[in-house]
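Engineer: Mind having a look at this structure? Questions to follow.
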Amino acid sequence: MADPILQQSGIFTPAVIDDIQTKAASGLYQIRGYGTLRQRRWATFDDLTFLPCSLTRIPLEGYREKCTTAVTLGTRYAKRPIQLDVPIMITGMSWGALSLNAKVALARGARAAGSSNTTGDGGMLMAERENSRTLIYEVLPSRYGINIHHMLMADGIELTIGQGAKPGTGGLLLGSKVSEVIARQRDLPAGVDQRSPARHPDFLGPDDMIVKVEELREATNGEVPIFVKMGASRVYDDVKLAAKAGADVIVVDGMEGGTGASPAILQEHTGIPTLAAVCEARAALEDMALYGEVQLVIAGGIRDGVDAAKAIALGADACYIGTAALIALNCNRPLHVEDYAKIGAAPYACHHCHTGLCPVGVTTQDPELMRRLPIDEAAERVSNLLHAMTLEIQMLARACGKSDVRRLEPEDMAALTTEASAICGIPLAGTRKVYGH
Ligand SMILES: Cc1cc2nc3c(=O)[nH]c(=O)nc-3n(C[C@H](O)[C@H](O)[C@H](O)COP(=O)(O)O)c2cc1C
Ligand code: SF4
């Protein structure tokens, strides 16, 4: 038995002691990148399992029978909806948070896989447009780099209300990443921390957001879909308000969602998990009779085709990936190990994107570090990841007897915990009971 005198406190753990002492030394809260470190237990996609066909259903033959993966986004109002070959898209990550090589590699990787990529805070990078097949343009509260000509070059507009990593707050780019070129793009001084506003300056709430959505639609001649992206908070009501404001596509980013830099407490203690978010979002659209007409994109901690397939079965049309795509680029790979140590990190335990000293060239503006990410090889890894994830979704769909991945439904799954049963409205495995319903 452990010596009770030497036993560590379960409340004041080494991590808590370290956090208190760091704050005591600096007088500041801690900032970091990546996403939540999931130090606590909450219901996730791992709490669901698929129920493939056996006698009650007939599976599809993998080699002979088709299972389609194409998705159309923006069928509500846009003259030119977005057509994707696969249901996994690259989420908005700013040029500033990411290096130029990372942005271009994501664009090329997405293009090769028949998917889309998204700009980010700080506007459009021309090399990104040139290398993208389908590019979604983010309109954020900061308005950094916002440009009507760039907007007209986009295939979709994403009005960003918030992010899952830090809902209710603005963006953050620490001075170490604000190089001369990033500063020029954003019209701000180099080397100075950039804290973006939490609210859009030109609308306050849902009523005048209707005008904003209309303005964006008019500015782009009604051609392209208008997305509204939000951090998962009061999802049921927020999704209803976004749909009422005229969104063609709604993006909900759960609390597991990644970031380039955010106060650590917001990542761990604000918003609701992605699993809960997708269920609330679907219920909101169903209650407005808009499910299927307004498309739903889910983000936040999506790691593989299994997470994506479960999100789709629960009601998403497609998923965004951020962190997984950065990992495909080389994030957290055991290369240049000595440089991880210099920033107090280690491969597989790095969440130090905010420092600007990314050892593998993904989240840096340092030209030397950026060169560690050769664009062509990195793009191929991104495309391979999108392809492999799509194969995983297809495999699960075929096993459940579905000829299109979007025919996956809640009925194809069982819950492994009472929490997941209650959240998703799915019977607990081994029972016929839906808990809490
Ligand atoms: C490095 C990095 C930079 C990001 N920059 C932006 C941004 O500029 N605008 C935005 O709306 N979201 C931004 N995000 C959040 C993503 O768009 C997305 O919501 C989140 O990464 C999804 O979670 P995941 O990383 O677990 O896939 C960023 C995320 C990361 C990891
Ligand atoms: S390896 Fe780079 S991109 Fe990955 S967490 Fe560390 S600093 Fe961020």
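Residue names in the structure tokens use chain letters A, B, ... in the order shown, residue numbers from 1 in each chain, and ligand numbers from 1 in the order shown.
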Enumerate residues in contact with ligand 1: an atom-to-atom distance of at most 8 Å, counting only C-alpha atoms and all ligand atoms. Format the result as JSON, numbers by chain.

Structural biologist: {"A": [33, 34, 35, 91, 92, 93, 94, 95, 97, 98, 119, 120, 121, 122, 138, 140, 160, 162, 163, 164, 165, 171, 229, 231, 253, 254, 256, 257, 258, 259, 260, 261, 299, 300, 301, 302, 303, 320, 321, 322, 323, 324, 325, 326, 353, 363]}

Engineer: Neighbours of ligand 2 within 6 Å, counting only C-alpha atoms and all ligand atoms, as a list in words?

Structural biologist: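 Using only C-alpha atoms and all ligand atoms, everything at most 6 Å from ligand 2 comes to Tyr34, Cys331, Asn332, Cys350, His351, His352, Cys353, Cys358, Pro359, Val360, Val362 and Thr363 of chain A.
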
Engineer: So how many Å separate CA of Asp18 (chain A) and CA of Glu268 (chain A), to one decimal?

Structural biologist: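 If I compute the distance from CA of Asp18 (chain A) to CA of Glu268 (chain A), I get 16.4 Å.
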
Engineer: Run DSSP on the backbone and tell me which residues of region 158-376 of chain A come out as strand (DSSP E or B); list them as an MDAnalysis selection string.

Structural biologist: chainID A and resid 158:160 172:173 194:195 226:231 249:253 259:263 291 294:299 318:321 357 364

Engineer: As a PyMOL selection string, please: the residues near Ser179 (chain A) (cut-off 7 Å, only C-alpha atoms, same-chain neighbours under 4 positions excluded).

Structural biologist: chain A and resi 183+190-191+365

Engineer: Report, in Å to a single decimal, how far apart CA of Asp317 (chain A) and CA of Asp208 (chain A) are.

Structural biologist: 27.4 Å

Engineer: With only C-alpha atoms as the basis for distance, which of A:Ala219, A:Val71, A:Ala110, A:Ala328 is at the shortest distance from Arg381 (chain A)?

Structural biologist: A:Ala328

Engineer: Give me, as CSV, each residue of region 253-313 of chain A that comes within 8 Å of region 39-44 of chain A, together with its shortest interatomic pair and the distance in Å at one decimal, counting only C-alpha atoms, with rows ordered by chain and rising residue number.

Structural biologist:
residue,atom,partner,partner_atom,distance
A:Pro273,CA,A:Thr44,CA,7.2
A:Thr274,CA,A:Thr44,CA,7.3
A:Leu275,CA,A:Thr44,CA,5.5
A:Ala276,CA,A:Ala43,CA,7.8

Engineer: In Å, how far is it from CA of Lys66 (chain A) to CA of Leu408 (chain A)?

Structural biologist: 14.6 Å

Engineer: Which is closest to Gly123 (chain A) among A:Ala311, A:Ile423, A:Ile182, A:Cys67, if we use only C-alpha atoms?

Structural biologist: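 Counting only C-alpha atoms, the residue closest to Gly123 (chain A) is A:Ile182.
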
Engineer: For Asn117 (chain A), which of A:Asp155, A:Asp85, A:Asp248, A:Glu61 is the closest residue, counting only C-alpha atoms?

Structural biologist: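 For Asn117 (chain A), the nearest of the given residues is A:Asp155.
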
Engineer: Nearest residue to Asp376 (chain A) out of A:Gln21, A:Asn101, A:Thr56, A:Gln7, using only C-alpha atoms?

Structural biologist: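 Smallest distance to Asp376 (chain A) is found for A:Asn101.
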